[in-house]
2 protein chains.
Amino acid sequence: MTYQPTERTTLRRLPERAHYDPETVHSILDEGFICHIGFVVDGQPYSLPTGYARIGETLYLHGSTGSRLGLRPGMDVCVTVTLLDGIVLARSAFHHSFQYRSVMVLGRTRLVTDSGEKDAALTALVEHFMPGRSADARPGSGREQAATAVLALPLEEVSAKVRTGDPKDDDEDYELPVWAGILPLALTPGEPVPDSRLDPTIAMPSYVKDWKR
Amino acid sequence: MTYQPTERTTLRRLPERAHYDPETVHSILDEGFICHIGFVVDGQPYSLPTGYARIGETLYLHGSTGSRLGLRPGMDVCVTVTLLDGIVLARSAFHHSFQYRSVMVLGRTRLVTDSGEKDAALTALVEHFMPGRSADARPGSGREQAATAVLALPLEEVSAKVRTGDPKDDDEDYELPVWAGILPLALTPGEPVPDSRLDPTIAMPSYVKDWKR
């Protein structure tokens with residue numbers, strides 16, 4: 001199975017970077033945990049960072065129900081997840097680029113009203129950035145759940161874009177005495193910082209200590 | 001001087017996270033180097049990752065002039081830069097969050113036609129992610145410059161949003177035996193990887209070896 005490319009998800013420029021298979025798409029969505037969601041209010045586009053989770057072929061997003069400019073049900077959106085893997089240093093300024101893996105999902109948001117689906121989505125939203133956490137944290141109360149709108153977006157109109165490998169220079173530029181290559185970049189965890197009000201007898205869980213992506 | 005908050009850049013939710021001073025806005029824009037640009041084509045919002053640079057109170061973006069779905073001059077856009085600083089682990093699932101610093105710029109793109117401004121912007125676009133690089137890389141040829149559309153966006157309708165500090169839990173939850181705190185995250189460089197076609201007598205420049213953000 002692959003996602004069917006549409007007019008809107010077909011890469012015309014550098015089509016060799018496009019991927020439509022679920023393995024590639026899922027692996028990018030599962031490694032990232034911040035998306036930028038594009039939507040339109042009063043003709044003005046917005047692109048806002050937010051968390052997300054994936055369950056099967058559905059993305060879940062959440063927002064406050066009190067949000068004025070934010071995401072609403074039934075909105076056309078573009079959810080983009082970008083993993084920055086490095087800086088591409090070519091011999092010519094023109095061919096400088098980034099190593100990246102990104103996924104773009106186009107679709108319309110659906111308000112999740114089923115309480116079972118909403119529970120599963122809210123758990124997934126925490127588990128996605130910190131696997132193991134939802135067994136420890138106090139679960140959401142009825143009031144908290146009511147204050148959270150969960151929106152679903154089907155993985156249907158989807159594309160991934162991946163750049164890997166060496167810089168690409170023009171043939172004649174390979175003779176230039178200019179260093180070329182990749183500076184890899186990765187999001188890495190630092191030393192966890194306990195809450196200043198934390199009871200010091202509470203041990204740091206291994207899912208925090210050993211977190212990695 | 002501060003950026004004047006507008007209806008569209010005023011945070012109603014968690015207004016204490018909003019900042020409108022150029023120092024905060026510039027520091028976030030200067031530390032990041034990938035933005036997500038929101039724009040609308042045929043009613044569909046897109047949110048796409050791309051590089052950028054700042055010169056004074058102007059952001060510069062570039063795209064291929066052959067791009068079909070991409071950025072064009074005279075477009076209403078939202079440029080968002082997000083720096084992810086950590087994961088906020090509260091005692092309750094509901095109060096989990098991220099440490100982040102983000103900037104949102106709303107405005108209309110202007111095609112840069114002045115060759116001096118275009119040269120400066122193209123240099124800044126490389127210098128922004130790799131200071132020192134433009135002195136080494138072969139500069140753009142006339143043909144390459146013609147193939148690159150440079151778009152400018154004024155820093156006028158701008159806001160920054162910053163979350164720092166401890167998790168915030170509900171009063172009664174501080175008694176729970178749940179570890180709480182921050183897992184810091186940062187984009188860190190790995191060992192540079194020379195191009196497989198690199199002449200091995202060419203030394204790695206210090207701006208690559210010592211790159212940091």
# chains A, B, ... in the order shown; residues from 1 in each chain; ligands from 1
>>> interface_residues(of="chain A", to="chain B", cutoff="7 Å", atoms="only C-alpha atoms", output="PyMOL selection string")
chain A and resi 13+36-40+44-48+67+76-80+91-94+134+136-140+144+166-167+177-196+198+202-204
>>> write_last_selection(atoms="C-alpha atoms", output="mmCIF file, in the first residue's frame")
data_model
loop_
_atom_site.group_PDB
_atom_site.id
_atom_site.type_symbol
_atom_site.label_atom_id
_atom_site.label_comp_id
_atom_site.auth_asym_id
_atom_site.auth_seq_id
_atom_site.Cartn_x
_atom_site.Cartn_y
_atom_site.Cartn_z
ATOM 1 C CA ARG A 13 11.038 19.853 -8.196
ATOM 2 C CA HIS A 36 3.678 22.921 12.440
ATOM 3 C CA ILE A 37 0.039 23.130 11.556
ATOM 4 C CA GLY A 38 -1.035 25.436 8.772
ATOM 5 C CA PHE A 39 -4.584 26.761 8.744
ATOM 6 C CA VAL A 40 -6.462 29.851 7.628
ATOM 7 C CA GLN A 44 -4.725 34.871 6.925
ATOM 8 C CA PRO A 45 -2.577 31.731 6.993
ATOM 9 C CA TYR A 46 -1.068 30.661 10.290
ATOM 10 C CA SER A 47 1.637 28.105 10.934
ATOM 11 C CA LEU A 48 1.798 27.109 14.577
ATOM 12 C CA SER A 67 -8.493 29.281 21.749
ATOM 13 C CA ASP A 76 -8.586 22.472 6.093
ATOM 14 C CA VAL A 77 -5.101 22.090 7.468
ATOM 15 C CA CYS A 78 -1.573 21.161 6.537
ATOM 16 C CA VAL A 79 0.361 19.339 9.225
ATOM 17 C CA THR A 80 4.099 19.278 8.645
ATOM 18 C CA ARG A 91 31.399 23.904 -2.909
ATOM 19 C CA SER A 92 29.091 26.525 -4.383
ATOM 20 C CA ALA A 93 26.861 28.772 -2.306
ATOM 21 C CA PHE A 94 23.953 27.873 -4.592
ATOM 22 C CA SER A 134 1.212 7.887 31.088
ATOM 23 C CA ASP A 136 2.889 7.504 36.172
ATOM 24 C CA ALA A 137 1.200 10.835 35.547
ATOM 25 C CA ARG A 138 -2.211 11.538 37.036
ATOM 26 C CA PRO A 139 -4.751 10.873 34.268
ATOM 27 C CA GLY A 140 -6.946 13.696 33.032
ATOM 28 C CA GLU A 144 -9.635 18.588 32.079
ATOM 29 C CA ASP A 166 26.586 13.916 -0.241
ATOM 30 C CA PRO A 167 26.378 17.516 -1.382
ATOM 31 C CA PRO A 177 39.763 23.879 -3.126
ATOM 32 C CA VAL A 178 36.689 24.175 -0.886
ATOM 33 C CA TRP A 179 35.815 21.759 1.926
ATOM 34 C CA ALA A 180 32.478 20.052 1.289
ATOM 35 C CA GLY A 181 30.425 17.626 3.319
ATOM 36 C CA ILE A 182 27.697 17.271 5.894
ATOM 37 C CA LEU A 183 27.509 18.628 9.416
ATOM 38 C CA PRO A 184 25.081 16.195 11.081
ATOM 39 C CA LEU A 185 22.596 17.627 13.561
ATOM 40 C CA ALA A 186 20.382 15.868 16.056
ATOM 41 C CA LEU A 187 18.023 16.786 18.851
ATOM 42 C CA THR A 188 19.728 15.473 21.966
ATOM 43 C CA PRO A 189 18.671 15.376 25.612
ATOM 44 C CA GLY A 190 20.599 17.109 28.365
ATOM 45 C CA GLU A 191 20.672 16.375 32.079
ATOM 46 C CA PRO A 192 17.074 16.274 33.418
ATOM 47 C CA VAL A 193 16.218 19.138 35.804
ATOM 48 C CA PRO A 194 13.949 18.167 38.706
ATOM 49 C CA ASP A 195 11.081 20.503 39.542
ATOM 50 C CA SER A 196 12.190 22.853 42.343
ATOM 51 C CA LEU A 198 9.988 17.888 43.783
ATOM 52 C CA ILE A 202 11.179 10.416 44.357
ATOM 53 C CA ALA A 203 13.599 8.740 41.936
ATOM 54 C CA MET A 204 13.945 9.844 38.346
#
>>> select_by_dssp(residues="stretch 40-207 of chain A", states="alpha helix (DSSP H)", output="ChimeraX atom specification")
/A:115-129,142-147,206-207
>>> write_last_selection(atoms="C-alpha atoms", output="PDB file, in the first residue's frame")
ATOM      1  CA  SER A 115     -14.871   9.114  24.636  1.00  0.00           C
ATOM      2  CA  GLY A 116     -12.890   5.939  23.959  1.00  0.00           C
ATOM      3  CA  GLU A 117     -11.146   7.463  20.961  1.00  0.00           C
ATOM      4  CA  LYS A 118     -10.523  10.662  22.908  1.00  0.00           C
ATOM      5  CA  ASP A 119      -8.995   8.775  25.845  1.00  0.00           C
ATOM      6  CA  ALA A 120      -6.750   6.807  23.523  1.00  0.00           C
ATOM      7  CA  ALA A 121      -5.665   9.967  21.716  1.00  0.00           C
ATOM      8  CA  LEU A 122      -4.870  11.853  24.925  1.00  0.00           C
ATOM      9  CA  THR A 123      -2.802   8.930  26.186  1.00  0.00           C
ATOM     10  CA  ALA A 124      -1.006   8.711  22.844  1.00  0.00           C
ATOM     11  CA  LEU A 125      -0.258  12.458  22.909  1.00  0.00           C
ATOM     12  CA  VAL A 126       1.776  11.983  26.119  1.00  0.00           C
ATOM     13  CA  GLU A 127       3.236   8.582  25.237  1.00  0.00           C
ATOM     14  CA  HIS A 128       4.416   9.941  21.897  1.00  0.00           C
ATOM     15  CA  PHE A 129       7.016  12.316  23.334  1.00  0.00           C
ATOM     16  CA  GLY A 142     -13.448  14.882  33.435  1.00  0.00           C
ATOM     17  CA  ARG A 143     -13.083  18.660  33.661  1.00  0.00           C
ATOM     18  CA  GLU A 144      -9.635  18.588  32.079  1.00  0.00           C
ATOM     19  CA  GLN A 145     -10.787  16.324  29.287  1.00  0.00           C
ATOM     20  CA  ALA A 146     -13.744  18.603  28.610  1.00  0.00           C
ATOM     21  CA  ALA A 147     -11.373  21.578  28.335  1.00  0.00           C
ATOM     22  CA  SER A 206      14.297   5.415  33.576  1.00  0.00           C
ATOM     23  CA  TYR A 207      12.101   6.679  30.718  1.00  0.00           C
TER      24      TYR A 207
END
>>> select_by_dssp(residues="stretch 52-153 of chain A", states="strand (DSSP E)", output="ChimeraX atom specification")
/A:53-55,58-64,76-89,97-108,110-111,148-153
>>> write_last_selection(atoms="N, CA and C atoms", output="compact mmCIF listing (two decimals), in the first residue's frame")
# COMPACT_ATOMS: atom_id res chain seq x y z
N ALA A 53 0.14 13.10 17.92
CA ALA A 53 0.41 11.67 18.06
C ALA A 53 -0.20 10.96 16.86
N ARG A 54 0.30 9.77 16.60
CA ARG A 54 -0.25 8.95 15.52
C ARG A 54 -0.79 7.65 16.11
N ILE A 55 -2.00 7.29 15.72
CA ILE A 55 -2.51 5.94 15.99
C ILE A 55 -2.95 5.38 14.65
N THR A 58 -4.20 7.64 11.60
CA THR A 58 -4.81 8.90 12.04
C THR A 58 -3.82 9.69 12.88
N LEU A 59 -3.74 10.99 12.58
CA LEU A 59 -2.98 11.89 13.45
C LEU A 59 -3.95 12.55 14.42
N TYR A 60 -3.48 12.76 15.65
CA TYR A 60 -4.28 13.46 16.64
C TYR A 60 -3.55 14.72 17.10
N LEU A 61 -4.33 15.77 17.24
CA LEU A 61 -3.82 17.07 17.67
C LEU A 61 -4.73 17.56 18.77
N HIS A 62 -4.23 18.45 19.61
CA HIS A 62 -5.17 19.00 20.58
C HIS A 62 -4.98 20.48 20.74
N GLY A 63 -5.99 21.10 21.26
CA GLY A 63 -5.93 22.52 21.52
C GLY A 63 -6.89 22.83 22.64
N SER A 64 -6.78 24.02 23.15
CA SER A 64 -7.74 24.45 24.16
C SER A 64 -9.04 24.79 23.45
N ASP A 76 -9.63 22.99 6.98
CA ASP A 76 -8.59 22.47 6.09
C ASP A 76 -7.24 22.84 6.69
N VAL A 77 -6.39 21.84 6.84
CA VAL A 77 -5.10 22.09 7.47
C VAL A 77 -3.99 21.41 6.68
N CYS A 78 -2.79 21.81 7.01
CA CYS A 78 -1.57 21.16 6.54
C CYS A 78 -0.71 20.92 7.76
N VAL A 79 -0.49 19.67 8.08
CA VAL A 79 0.36 19.34 9.23
C VAL A 79 1.71 18.89 8.70
N THR A 80 2.75 19.57 9.14
CA THR A 80 4.10 19.28 8.64
C THR A 80 5.02 18.94 9.81
N VAL A 81 5.71 17.84 9.68
CA VAL A 81 6.70 17.42 10.67
C VAL A 81 8.05 17.41 9.98
N THR A 82 9.00 18.12 10.54
CA THR A 82 10.31 18.26 9.92
C THR A 82 11.39 17.79 10.88
N LEU A 83 12.20 16.85 10.45
CA LEU A 83 13.37 16.42 11.22
C LEU A 83 14.60 16.96 10.53
N LEU A 84 15.34 17.78 11.23
CA LEU A 84 16.54 18.39 10.64
C LEU A 84 17.74 17.50 10.97
N ASP A 85 18.34 16.92 9.94
CA ASP A 85 19.42 15.95 10.15
C ASP A 85 20.80 16.53 9.89
N GLY A 86 20.88 17.71 9.31
CA GLY A 86 22.21 18.26 9.09
C GLY A 86 22.23 19.43 8.14
N ILE A 87 23.44 19.97 8.00
CA ILE A 87 23.68 21.08 7.09
C ILE A 87 24.55 20.55 5.95
N VAL A 88 24.14 20.82 4.72
CA VAL A 88 24.84 20.33 3.54
C VAL A 88 25.73 21.44 3.00
N LEU A 89 27.03 21.23 3.09
CA LEU A 89 27.99 22.23 2.63
C LEU A 89 28.54 21.83 1.28
N SER A 97 22.43 23.30 1.32
CA SER A 97 21.10 22.77 1.59
C SER A 97 21.06 22.20 3.00
N PHE A 98 19.96 21.55 3.32
CA PHE A 98 19.84 20.86 4.60
C PHE A 98 19.57 19.38 4.36
N GLN A 99 20.07 18.54 5.26
CA GLN A 99 19.59 17.16 5.33
C GLN A 99 18.32 17.19 6.16
N TYR A 100 17.29 16.59 5.66
CA TYR A 100 16.04 16.62 6.42
C TYR A 100 15.17 15.46 5.99
N ARG A 101 14.22 15.16 6.85
CA ARG A 101 13.12 14.27 6.52
C ARG A 101 11.85 14.98 6.96
N SER A 102 10.91 15.14 6.07
CA SER A 102 9.69 15.83 6.46
C SER A 102 8.48 15.10 5.91
N VAL A 103 7.37 15.29 6.59
CA VAL A 103 6.08 14.74 6.15
C VAL A 103 5.08 15.87 6.12
N MET A 104 4.29 15.89 5.09
CA MET A 104 3.20 16.87 4.97
C MET A 104 1.89 16.11 4.84
N VAL A 105 0.93 16.45 5.68
CA VAL A 105 -0.39 15.82 5.66
C VAL A 105 -1.43 16.90 5.38
N LEU A 106 -2.17 16.74 4.30
CA LEU A 106 -3.26 17.67 4.00
C LEU A 106 -4.58 17.00 4.35
N GLY A 107 -5.51 17.78 4.84
CA GLY A 107 -6.81 17.19 5.15
C GLY A 107 -7.64 18.13 5.98
N ARG A 108 -8.76 17.60 6.43
CA ARG A 108 -9.71 18.40 7.20
C ARG A 108 -9.84 17.82 8.60
N ARG A 110 -11.26 16.67 12.13
CA ARG A 110 -12.51 16.10 12.64
C ARG A 110 -12.45 16.15 14.16
N LEU A 111 -13.50 16.69 14.80
CA LEU A 111 -13.55 16.72 16.26
C LEU A 111 -13.78 15.31 16.77
N THR A 148 -10.24 20.11 26.77
CA THR A 148 -9.30 19.81 25.69
C THR A 148 -10.06 19.33 24.46
N ALA A 149 -9.91 20.04 23.38
CA ALA A 149 -10.49 19.57 22.12
C ALA A 149 -9.45 18.67 21.44
N VAL A 150 -9.86 17.47 21.09
CA VAL A 150 -8.97 16.58 20.35
C VAL A 150 -9.46 16.52 18.91
N LEU A 151 -8.55 16.74 17.99
CA LEU A 151 -8.89 16.74 16.57
C LEU A 151 -8.14 15.61 15.87
N ALA A 152 -8.83 14.99 14.95
CA ALA A 152 -8.23 13.89 14.19
C ALA A 152 -8.05 14.31 12.74
N LEU A 153 -7.01 13.77 12.13
CA LEU A 153 -6.71 14.05 10.73
C LEU A 153 -6.29 12.72 10.09
>>> atom_distance(atom1="atom CA of B:Ser27", atom2="atom CA of B:Leu155")
13.4 Å
>>> atom_distance(atom1="atom CA of A:Ala18", atom2="atom CA of A:Ala160")
5.7 Å
>>> atom_distance(atom1="atom CA of A:Gly74", atom2="atom CA of A:Phe33")
22.9 Å
>>> closest_residue(among="B:Leu71, B:Val112, B:Val162, B:Ile28", to="B:Glu16", atoms="only C-alpha atoms")
B:Val162
